[in-house]
Structures are given as C-alpha cells and as structure tokens.
$ cat coords_1.cif   # mmCIF, C-alpha atoms
data_query
loop_
_atom_site.label_atom_id
_atom_site.label_comp_id
_atom_site.auth_asym_id
_atom_site.auth_seq_id
_atom_site.Cartn_x
_atom_site.Cartn_y
_atom_site.Cartn_z
CA MET R 174 95.22 105.67 102.21
CA SER R 175 98.50 104.80 100.49
CA VAL R 176 102.14 105.05 101.42
CA PHE R 177 102.65 106.14 97.82
CA HIS R 178 101.78 109.74 98.77
CA VAL R 179 103.81 109.95 101.99
CA GLU R 180 106.93 112.12 101.90
CA PRO R 181 110.04 110.27 103.03
CA ARG R 182 112.63 111.01 105.63
CA PHE R 183 116.09 109.57 105.13
CA VAL R 184 118.09 107.31 107.42
CA THR R 185 121.79 107.23 106.63
CA ARG R 186 124.08 104.27 107.27
CA GLY R 187 127.54 104.75 105.88
CA ASP R 188 127.26 105.71 102.22
CA VAL R 189 123.66 104.48 101.95
CA ARG R 190 120.58 106.64 102.39
CA LEU R 191 117.33 104.79 103.03
CA ALA R 192 114.01 106.46 102.22
CA VAL R 193 111.67 105.90 105.16
CA PHE R 194 107.91 106.50 105.14
CA GLU R 195 105.71 106.81 108.23
CA GLN R 196 101.95 106.89 108.69
CA GLY R 197 99.16 105.39 110.74
CA ASN R 198 98.45 105.82 114.44
CA PRO R 199 101.33 107.76 116.06
CA ASP R 200 100.37 106.29 119.45
CA GLY R 201 100.21 102.68 118.24
CA GLU R 202 102.89 100.04 118.40
CA THR R 203 105.45 100.43 115.63
CA LEU R 204 105.18 98.01 112.71
CA VAL R 205 108.06 98.06 110.22
CA LEU R 206 107.28 96.81 106.70
CA VAL R 207 110.04 95.45 104.45
CA HIS R 208 109.38 94.85 100.76
CA GLY R 209 111.12 92.41 98.43
CA TRP R 210 112.25 92.24 94.79
CA PRO R 211 111.45 94.08 92.56
CA ASP R 212 109.14 96.20 94.70
CA THR R 213 109.45 99.37 96.74
CA HIS R 214 107.73 100.43 99.96
CA ASP R 215 104.59 100.88 97.86
CA LEU R 216 104.13 97.09 97.80
CA TRP R 217 102.16 97.63 101.04
CA ARG R 218 99.66 100.17 99.69
CA HIS R 219 96.75 97.68 99.98
CA VAL R 220 97.83 96.36 103.41
CA VAL R 221 98.34 99.68 105.18
CA PRO R 222 94.70 100.86 105.24
CA HIS R 223 93.75 97.76 107.25
CA LEU R 224 96.42 98.43 109.88
CA ALA R 225 96.74 102.21 110.04
CA GLU R 226 94.22 102.76 112.85
CA THR R 227 96.03 100.36 115.14
CA PHE R 228 99.73 100.69 114.31
CA ARG R 229 102.31 103.34 113.72
CA ILE R 230 103.47 102.06 110.33
CA VAL R 231 106.99 102.52 109.03
CA SER R 232 108.04 101.30 105.60
CA TYR R 233 111.20 101.95 103.65
CA ASP R 234 112.78 101.46 100.25
CA THR R 235 115.53 98.90 100.75
CA ARG R 236 118.94 99.65 99.28
CA GLY R 237 118.89 99.42 95.52
CA ALA R 238 115.17 100.27 95.26
CA GLY R 239 112.97 103.31 94.91
CA ALA R 240 114.30 106.49 96.48
CA SER R 241 117.08 104.78 98.43
CA SER R 242 120.74 104.55 97.45
CA ALA R 243 121.84 101.85 95.03
CA PRO R 244 125.44 100.79 95.68
CA ALA R 245 127.23 99.38 92.64
CA ALA R 246 129.12 96.51 94.25
CA VAL R 247 127.50 93.09 94.59
CA SER R 248 129.15 92.79 98.02
CA ALA R 249 127.00 95.69 99.24
CA TYR R 250 123.94 93.41 99.07
CA THR R 251 124.99 90.60 101.39
CA LEU R 252 122.50 89.61 104.06
CA PRO R 253 124.51 91.09 106.96
CA GLU R 254 124.55 94.47 105.19
CA LEU R 255 120.82 94.32 104.51
CA ALA R 256 120.06 93.31 108.11
CA ARG R 257 122.10 96.27 109.35
CA ASP R 258 119.94 98.53 107.18
CA LEU R 259 116.84 97.19 108.92
CA PHE R 260 118.40 97.74 112.33
CA ALA R 261 119.37 101.29 111.31
CA VAL R 262 115.77 102.05 110.40
CA ILE R 263 114.51 100.52 113.66
CA ASP R 264 117.02 102.51 115.71
CA ALA R 265 115.97 105.73 113.94
CA VAL R 266 112.21 105.32 114.30
CA SER R 267 111.95 103.49 117.63
CA PRO R 268 115.21 103.76 119.57
CA ASP R 269 113.73 102.79 122.94
CA THR R 270 111.02 100.23 122.15
CA PRO R 271 111.19 97.00 120.11
CA VAL R 272 109.16 97.02 116.90
CA HIS R 273 107.12 94.42 115.06
CA VAL R 274 108.30 93.47 111.58
CA LEU R 275 106.28 92.34 108.55
CA ALA R 276 108.32 91.42 105.49
CA HIS R 277 107.87 89.87 102.04
CA ASP R 278 110.13 88.05 99.55
CA TRP R 279 113.73 89.34 99.79
CA GLY R 280 112.58 91.67 102.55
CA ALA R 281 111.62 88.54 104.47
CA VAL R 282 115.00 86.93 103.74
CA GLU R 283 116.70 90.07 105.06
CA ALA R 284 114.49 90.18 108.15
CA TRP R 285 115.30 86.52 108.87
CA GLU R 286 118.96 87.51 108.94
CA ALA R 287 118.16 90.27 111.43
CA VAL R 288 115.98 88.26 113.83
CA CYS R 289 118.66 85.56 114.10
CA GLU R 290 121.33 88.04 115.18
CA PRO R 291 122.42 88.07 118.85
CA GLY R 292 120.45 90.65 120.80
CA ALA R 293 117.82 91.08 118.10
CA GLY R 294 115.05 90.62 120.67
CA GLU R 295 115.96 93.98 122.18
CA ARG R 296 114.93 95.68 118.93
CA ILE R 297 112.37 93.33 117.34
CA ALA R 298 109.30 92.16 119.28
CA SER R 299 107.82 89.90 116.60
CA TYR R 300 108.32 88.95 112.98
CA THR R 301 105.73 87.99 110.35
CA SER R 302 107.38 86.47 107.27
CA ILE R 303 105.75 86.14 103.84
CA SER R 304 107.23 84.23 100.90
CA GLY R 305 110.85 84.62 101.90
CA PRO R 306 112.71 81.84 103.74
CA ASN R 307 115.75 81.94 105.93
CA LEU R 308 118.33 80.80 103.37
CA ASP R 309 120.38 78.97 106.00
CA HIS R 310 117.31 77.08 107.22
CA LEU R 311 116.42 76.26 103.62
CA GLY R 312 119.92 75.00 102.86
CA ALA R 313 120.03 72.84 106.00
CA TRP R 314 116.57 71.41 105.24
CA MET R 315 117.59 70.51 101.70
CA ARG R 316 120.74 68.77 102.95
CA ARG R 317 118.79 66.81 105.57
CA ARG R 318 116.15 65.66 103.11
CA LEU R 319 118.72 64.65 100.52
CA ALA R 320 120.77 62.79 103.14
CA ARG R 321 117.65 60.81 104.05
CA ARG R 322 117.03 60.13 100.36
CA SER R 323 113.81 62.13 100.43
CA PRO R 324 114.45 64.43 97.49
CA ALA R 325 110.87 65.29 96.51
CA GLY R 326 110.61 68.48 98.58
CA PRO R 327 114.05 69.86 97.67
CA LEU R 328 113.46 69.04 94.02
CA ALA R 329 110.12 70.85 94.06
CA GLN R 330 111.80 73.94 95.53
CA ALA R 331 114.73 73.65 93.12
CA VAL R 332 112.35 73.66 90.16
CA ALA R 333 110.44 76.61 91.61
CA SER R 334 113.70 78.50 92.14
CA SER R 335 115.31 77.62 88.82
CA TYR R 336 114.92 81.20 87.60
CA THR R 337 117.40 82.31 90.28
CA VAL R 338 120.19 80.52 88.42
CA LEU R 339 119.63 82.85 85.46
CA PHE R 340 119.49 85.85 87.79
CA GLN R 341 122.99 85.11 89.05
CA ILE R 342 124.63 85.22 85.62
CA PRO R 343 126.08 88.68 84.94
CA VAL R 344 124.66 90.45 81.86
CA VAL R 345 122.51 87.45 80.84
CA GLY R 346 120.45 87.66 84.03
CA THR R 347 119.50 91.26 83.40
CA LEU R 348 118.39 90.80 79.78
CA PRO R 349 114.64 90.24 80.42
CA PHE R 350 114.53 93.50 82.37
CA ARG R 351 116.61 95.50 79.95
CA LEU R 352 114.36 94.25 77.13
CA GLY R 353 111.19 95.53 78.74
CA LEU R 354 109.66 93.14 81.30
CA SER R 355 109.00 96.18 83.50
CA ARG R 356 106.59 97.55 80.88
CA ILE R 357 104.33 94.49 81.13
CA TRP R 358 104.77 93.81 84.85
CA PRO R 359 101.02 93.87 85.75
CA THR R 360 100.34 91.41 82.93
CA PHE R 361 103.17 89.18 84.10
CA LEU R 362 101.75 89.09 87.63
CA ARG R 363 98.33 88.23 86.25
CA LEU R 364 99.83 85.22 84.48
CA PHE R 365 102.26 84.22 87.23
CA ASP R 366 100.08 84.83 90.28
CA ARG R 367 96.53 84.85 88.90
CA MET R 368 96.26 88.43 90.13
CA ASP R 369 94.01 91.27 89.03
CA PRO R 370 96.48 93.52 87.19
CA ALA R 371 94.48 96.57 88.28
CA LEU R 372 95.87 95.99 91.79
CA VAL R 373 99.46 96.36 90.56
CA HIS R 374 101.03 99.84 90.64
CA PRO R 375 104.59 99.60 89.27
CA ALA R 376 107.04 102.13 90.68
CA PRO R 377 108.58 104.58 88.22
CA THR R 378 111.95 103.08 89.18
CA LEU R 379 110.85 99.50 88.44
CA ARG R 380 113.26 98.78 85.56
CA ALA R 381 116.29 99.97 87.52
CA ASP R 382 115.06 98.24 90.68
CA MET R 383 114.71 94.95 88.82
CA ILE R 384 118.27 95.09 87.52
CA THR R 385 119.92 96.32 90.72
CA GLY R 386 117.94 93.90 92.86
CA LEU R 387 119.52 90.92 91.11
CA LYS R 388 122.67 91.64 93.10
CA ARG R 389 120.89 90.14 96.12
CA TYR R 390 120.68 86.81 94.32
CA ARG R 391 124.33 86.92 93.30
CA ALA R 392 125.55 87.95 96.76
CA ASN R 393 123.64 85.44 98.86
CA ILE R 394 122.02 82.37 97.35
CA ARG R 395 125.01 80.20 96.52
CA PRO R 396 127.00 81.00 99.70
CA ARG R 397 124.05 80.36 102.01
CA LEU R 398 122.73 77.20 100.35
CA ARG R 399 126.23 75.77 99.89
CA ALA R 400 127.32 76.38 103.51
CA PRO R 401 124.27 77.01 105.73
CA ARG R 402 124.94 78.48 109.13
CA GLU R 403 123.27 77.53 112.40
CA ARG R 404 120.73 80.36 112.79
CA ARG R 405 118.25 80.44 115.67
CA THR R 406 115.93 83.02 117.17
CA GLU R 407 113.79 83.31 120.28
CA ILE R 408 111.74 86.11 118.70
CA PRO R 409 108.13 85.06 118.01
CA VAL R 410 107.79 84.36 114.30
CA GLN R 411 104.67 83.96 112.17
CA LEU R 412 104.84 82.36 108.73
CA LEU R 413 102.19 83.43 106.22
CA VAL R 414 102.47 80.70 103.61
CA GLY R 415 100.86 81.00 100.18
CA ARG R 416 99.55 77.60 99.14
CA ARG R 417 99.85 78.65 95.49
CA ASP R 418 103.27 80.31 95.82
CA ARG R 419 105.17 79.27 92.70
CA ALA R 420 108.47 80.80 93.83
CA VAL R 421 108.70 79.66 97.47
CA ARG R 422 107.08 76.26 97.96
CA PRO R 423 105.34 75.66 101.32
CA VAL R 424 107.29 72.44 101.92
CA GLY R 425 110.48 74.47 102.32
CA TYR R 426 109.31 75.63 105.77
CA GLU R 427 109.05 72.06 107.03
CA ASP R 428 111.98 72.38 109.45
CA THR R 429 111.54 76.00 110.58
CA GLY R 430 110.41 74.93 114.05
CA ARG R 431 113.83 73.36 114.64
CA TRP R 432 115.34 76.84 114.85
CA VAL R 433 112.33 78.91 115.94
CA PRO R 434 110.67 77.59 119.10
CA ASN R 435 108.00 80.32 119.15
CA LEU R 436 106.49 79.72 115.70
CA ARG R 437 103.02 80.20 114.24
CA ARG R 438 102.08 79.14 110.72
CA ARG R 439 99.06 80.40 108.79
CA GLU R 440 98.25 79.44 105.21
CA LEU R 441 96.68 81.68 102.60
CA ASP R 442 94.98 80.63 99.38
CA ALA R 443 97.38 82.94 97.59
CA GLY R 444 100.35 83.03 95.29
CA HIS R 445 103.66 84.80 95.82
CA TRP R 446 102.49 88.42 95.93
CA SER R 447 99.88 88.03 98.67
CA PRO R 448 100.47 91.58 100.04
CA ILE R 449 98.87 92.75 96.80
CA SER R 450 96.33 90.01 96.07
CA HIS R 451 95.32 89.16 99.67
CA ALA R 452 96.11 92.36 101.53
CA GLU R 453 93.23 92.09 103.98
CA ASP R 454 94.24 88.56 104.99
CA VAL R 455 97.87 89.63 105.47
CA ALA R 456 96.80 92.55 107.64
CA ARG R 457 94.35 90.46 109.68
CA HIS R 458 96.88 87.75 110.49
CA THR R 459 99.58 90.29 111.32
CA ALA R 460 97.34 92.23 113.69
CA ALA R 461 96.09 89.03 115.32
CA PHE R 462 99.64 87.78 115.89
CA VAL R 463 100.76 91.01 117.51
CA GLY R 464 97.55 91.19 119.53
CA ASP R 465 97.90 87.63 120.79
CA LEU R 466 101.48 88.31 121.87
CA GLY R 467 100.32 91.38 123.77
CA ARG R 468 97.54 89.49 125.49
CA GLY R 469 99.96 86.73 126.38
CA SER R 470 102.35 89.24 127.96
CA ALA R 471 99.49 90.80 129.91
CA ALA R 472 98.36 87.39 131.13
CA ASP R 473 101.92 86.51 132.18
CA ALA R 474 102.20 89.77 134.07
CA ALA R 475 98.86 89.21 135.79
CA GLY R 476 99.90 85.69 136.73
CA GLY R 477 103.16 86.93 138.12
CA ASP R 478 101.41 89.57 140.22
CA SER R 479 98.95 87.09 141.65
CA ALA R 480 101.74 84.72 142.61
#
$ encode --input "coords_1.cif" --output "structure tokens"
Amino acid sequence: MSVFHVEPRFVTRGDVRLAVFEQGNPDGETLVLVHGWPDTHDLWRHVVPHLAETFRIVSYDTRGAGASSAPAAVSAYTLPELARDLFAVIDAVSPDTPVHVLAHDWGAVEAWEAVCEPGAGERIASYTSISGPNLDHLGAWMRRRLARRSPAGPLAQAVASSYTVLFQIPVVGTLPFRLGLSRIWPTFLRLFDRMDPALVHPAPTLRADMITGLKRYRANIRPRLRAPRERRTEIPVQLLVGRRDRAVRPVGYEDTGRWVPNLRRRELDAGHWSPISHAEDVARHTAAFVGDLGRGSAADAAGGDSA
C-alpha cells in the first residue's frame, strides 16, 4: 500500500491549496503525517503499511511541495503560516476530535510551532517528532550552553547545520538543485544516510520542491535562532532521535524537557531519513506512543470512577 496512488482532496486556506491524501482504517484514530524538505507526502510510503490497519491516516503536501500551491514570497513560509496550514488540514479532516501528528524534518519544525500554540491541545492529541527541532528551543539551548562556556554541543550542531547558511543565500543557495542534484537524489541519500537507494522514490516535482523549499530556511532560521521565543506545550510529545543523524544532532534535544513536561525519547540506529530507511521502527514507536496514551487515559478514567 502506498499513498503515492491515493487521489487527493484539496484544503484551501487563503490563496493556498493543500493536497490532502487519506487512507487506512476509516474507524481508527486520525494520524496526520507531515513531511519535510525536499519531500512530499510520499515520504511516508514505507511507514503507512505498518499503520494503516490501526489508524485513519491523513498526509498532505505542504505548501511549496508536490501538488500543493507554491507561493512566491519568502514571507509565505514563516512558521506561523506553516502551522496554520497544519491546523487547516486538521480542521478539515477531523473537526470534532483531536488528531495525532507524526512529522519529519521541516514538517517536524512546523508541527513544533503548532503544538506550542495556545489551545493546540484541543486539536492535537499527541505529537511524534523526527529529525526536526523546535527552532526556539534549539536557539535557547545554544545560548545556555554558550553562556556556561560549554560550546561542544552547539558547535557540533553548527557544523552539522552549516549547509543551511548556503541555503539562505539567494541564487547561490539554489545552484546545486538547478544544476541537477535532483537527478541523483537516491545516490546522494545512499552516501549521506547510508540508505538503500532502491527505497527512494523521488517525486516528479523534486527539482522545483527543492528550490521552493529553501524559502523555509530563509524565512525562519536566523530570526528564530537569533531571538528564540519562550515556547511550551502540554501536549504529549515523543522524540524519535536518529543516532546517526548528520543534519540534526541528538545533543540538540538536551533541553527539550524544560518546555515539554510530557516527553518521551526513543533512539533509532538511523540517519536523517528514518521514515524511509527505518519505516517499521518509526511506525512501531508511533503506534506504541499513541496506544500508551490511550491506555493511560482509560486507566485514569477507571481510577476516577472507582474513587
């Protein structure tokens, strides 16, 4: 089973149309999947078969990717705008019941923005984050470590993220993608992530998605790291951390518990693109997290009745 063959519906928010794909168990709890850069909803094609019997699964192409609209302005890709897209999808597919969210890379960064919004718990029941930090948390952690003269962790993340500096330079940042990186993307992931290239299925829109997606870097990284906001959430959050992630170093999540009291952390022997390389592990941990939350709620209810 693959979301690749599912026909989309469209959710409209302002001038943006978001392509939304639904499959799985129509009677199950709703699980919304959010991809990152430079992917589309099809990032989840290896994860979905492990979850489809249990969950009603909704995925979508984020703005600037796949079949969704691609606004021209960099300002259209700020985190508040991207979080509102997620809320628009949630409101369209599950207007009365909170959903569970599983997100990767920039999709995870966007979902962090959403779960830290006031009232988010009325629409999101849980959040599993893969390889995408809350940029405000990351900025505050880096400042704290540097103030304590403990620069090793921030320096490790800075080195890992050095490519993002190039991505933020207009024209220059797009050159690798205009010159053909999209044509060798499976080979690149084999070298970067030690991944079987046969698992990689580039979208036909990959080149355009790569270039447009760089606007996320330009719109958000410098403002959020330079002036991190105080961002907290009471929503249960699970971190799936790739021990071999060369883009988002595990140490960067060191302080997450300061802002997220209901936090679970699981580590994978994986690189950055674990939804492709370790799909079964991603699905297993996601299902277990949601299941444990449900059992906890049932136990609380039973305890309350007995009292």
$ atom_distance --input "coords_1.cif" --atom1 "CA of Pro199 in chain R" --atom2 "CA of Cys289 in chain R"
28.2 Å
$ closest_residue --input "coords_1.cif" --among "R:Arg218, R:Arg351, R:Arg437, R:His445" --to "Phe462 in chain R" --atoms "all atoms listed in the file"
R:Arg437
$ atom_distance --input "coords_1.cif" --atom1 "CA of Ala238 in chain R" --atom2 "CA of Glu283 in chain R"
14.2 Å
$ resolve_selection --input "coords_1.cif" --expression "the PyMOL selection byres ((chain R and resi 395-398) around 9)" --output "list of chain:residue names"
R:Leu308, R:Asp309, R:His310, R:Leu311, R:Gly312, R:Ala313, R:Met315, R:Tyr390, R:Arg391, R:Ala392, R:Asn393, R:Ile394, R:Arg399, R:Ala400, R:Pro401, R:Arg402
$ resolve_selection --input "coords_1.cif" --expression "the PyMOL selection byres ((chain R and resi 407) around 8)" --output "PyMOL selection string"
chain R and resi 294+405-406+408-409+433-435
$ write_last_selection --input "coords_1.cif" --atoms "C-alpha atoms" --output "PDB file, in the frame of the given file"
ATOM      1  CA  GLY R 294     115.050  90.620 120.670  1.00  0.00           C
ATOM      2  CA  ARG R 405     118.250  80.440 115.670  1.00  0.00           C
ATOM      3  CA  THR R 406     115.930  83.020 117.170  1.00  0.00           C
ATOM      4  CA  ILE R 408     111.740  86.110 118.700  1.00  0.00           C
ATOM      5  CA  PRO R 409     108.130  85.060 118.010  1.00  0.00           C
ATOM      6  CA  VAL R 433     112.330  78.910 115.940  1.00  0.00           C
ATOM      7  CA  PRO R 434     110.670  77.590 119.100  1.00  0.00           C
ATOM      8  CA  ASN R 435     108.000  80.320 119.150  1.00  0.00           C
TER       9      ASN R 435
END
$ resolve_selection --input "coords_1.cif" --expression "the PyMOL selection byres ((chain R and resi 200-208) around 7)" --output "list of chain:residue names"
R:Asn198, R:Pro199, R:Gly209, R:Asp212, R:Thr213, R:His214, R:Leu216, R:Thr227, R:Phe228, R:Arg229, R:Ile230, R:Val231, R:Ser232, R:Tyr233, R:Val272, R:His273, R:Val274, R:Leu275, R:Ala276, R:His277, R:Asp278, R:Gly280
$ residues_near_point --input "coords_1.cif" --point "(107.9, 77.7, 102.7)" --cutoff "8 Å" --atoms "all atoms listed in the file" --output "short mmCIF file (atom, residue, chain, number, x, y, z; two decimals) with C-alpha atoms, in the frame of the given file"
data_model
loop_
_atom_site.label_atom_id
_atom_site.label_comp_id
_atom_site.auth_asym_id
_atom_site.auth_seq_id
_atom_site.Cartn_x
_atom_site.Cartn_y
_atom_site.Cartn_z
CA SER R 304 107.23 84.23 100.90
CA GLY R 305 110.85 84.62 101.90
CA PRO R 306 112.71 81.84 103.74
CA VAL R 414 102.47 80.70 103.61
CA VAL R 421 108.70 79.66 97.47
CA ARG R 422 107.08 76.26 97.96
CA PRO R 423 105.34 75.66 101.32
CA VAL R 424 107.29 72.44 101.92
CA GLY R 425 110.48 74.47 102.32
CA TYR R 426 109.31 75.63 105.77
CA GLU R 427 109.05 72.06 107.03
#
$ closest_residue --input "coords_1.cif" --among "R:Arg236, R:Arg416, R:Arg404, R:Arg380" --to "Trp358 in chain R" --atoms "only C-alpha atoms"
R:Arg380
$ residues_around --input "coords_1.cif" --residues "range 177-190 of chain R" --least-positions-apart "5" --cutoff "12 Å" --atoms "all atoms listed in the file" --output "NGL selection string"
:R and (195-197 or 213-219 or 221 or 230-245 or 249-250 or 254-266 or 374-377)
$ closest_residue --input "coords_1.cif" --among "R:Val282, R:Leu348, R:Ala381, R:Val463" --to "Ile297 in chain R" --atoms "all atoms listed in the file"
R:Val463
$ axis_aligned_box --input "coords_1.cif" --around "range 439-456 of chain R" --padding-each-side "3 Å" --output "JSON"
{"center_x": 98.4, "center_y": 86.1, "center_z": 102.0, "size_x": 16.4, "size_y": 19.3, "size_z": 19.5}
$ closest_residue --input "coords_1.cif" --among "R:Leu466, R:Leu379, R:Leu372, R:Ala420" --to "Ser299 in chain R" --atoms "all atoms listed in the file"
R:Leu466
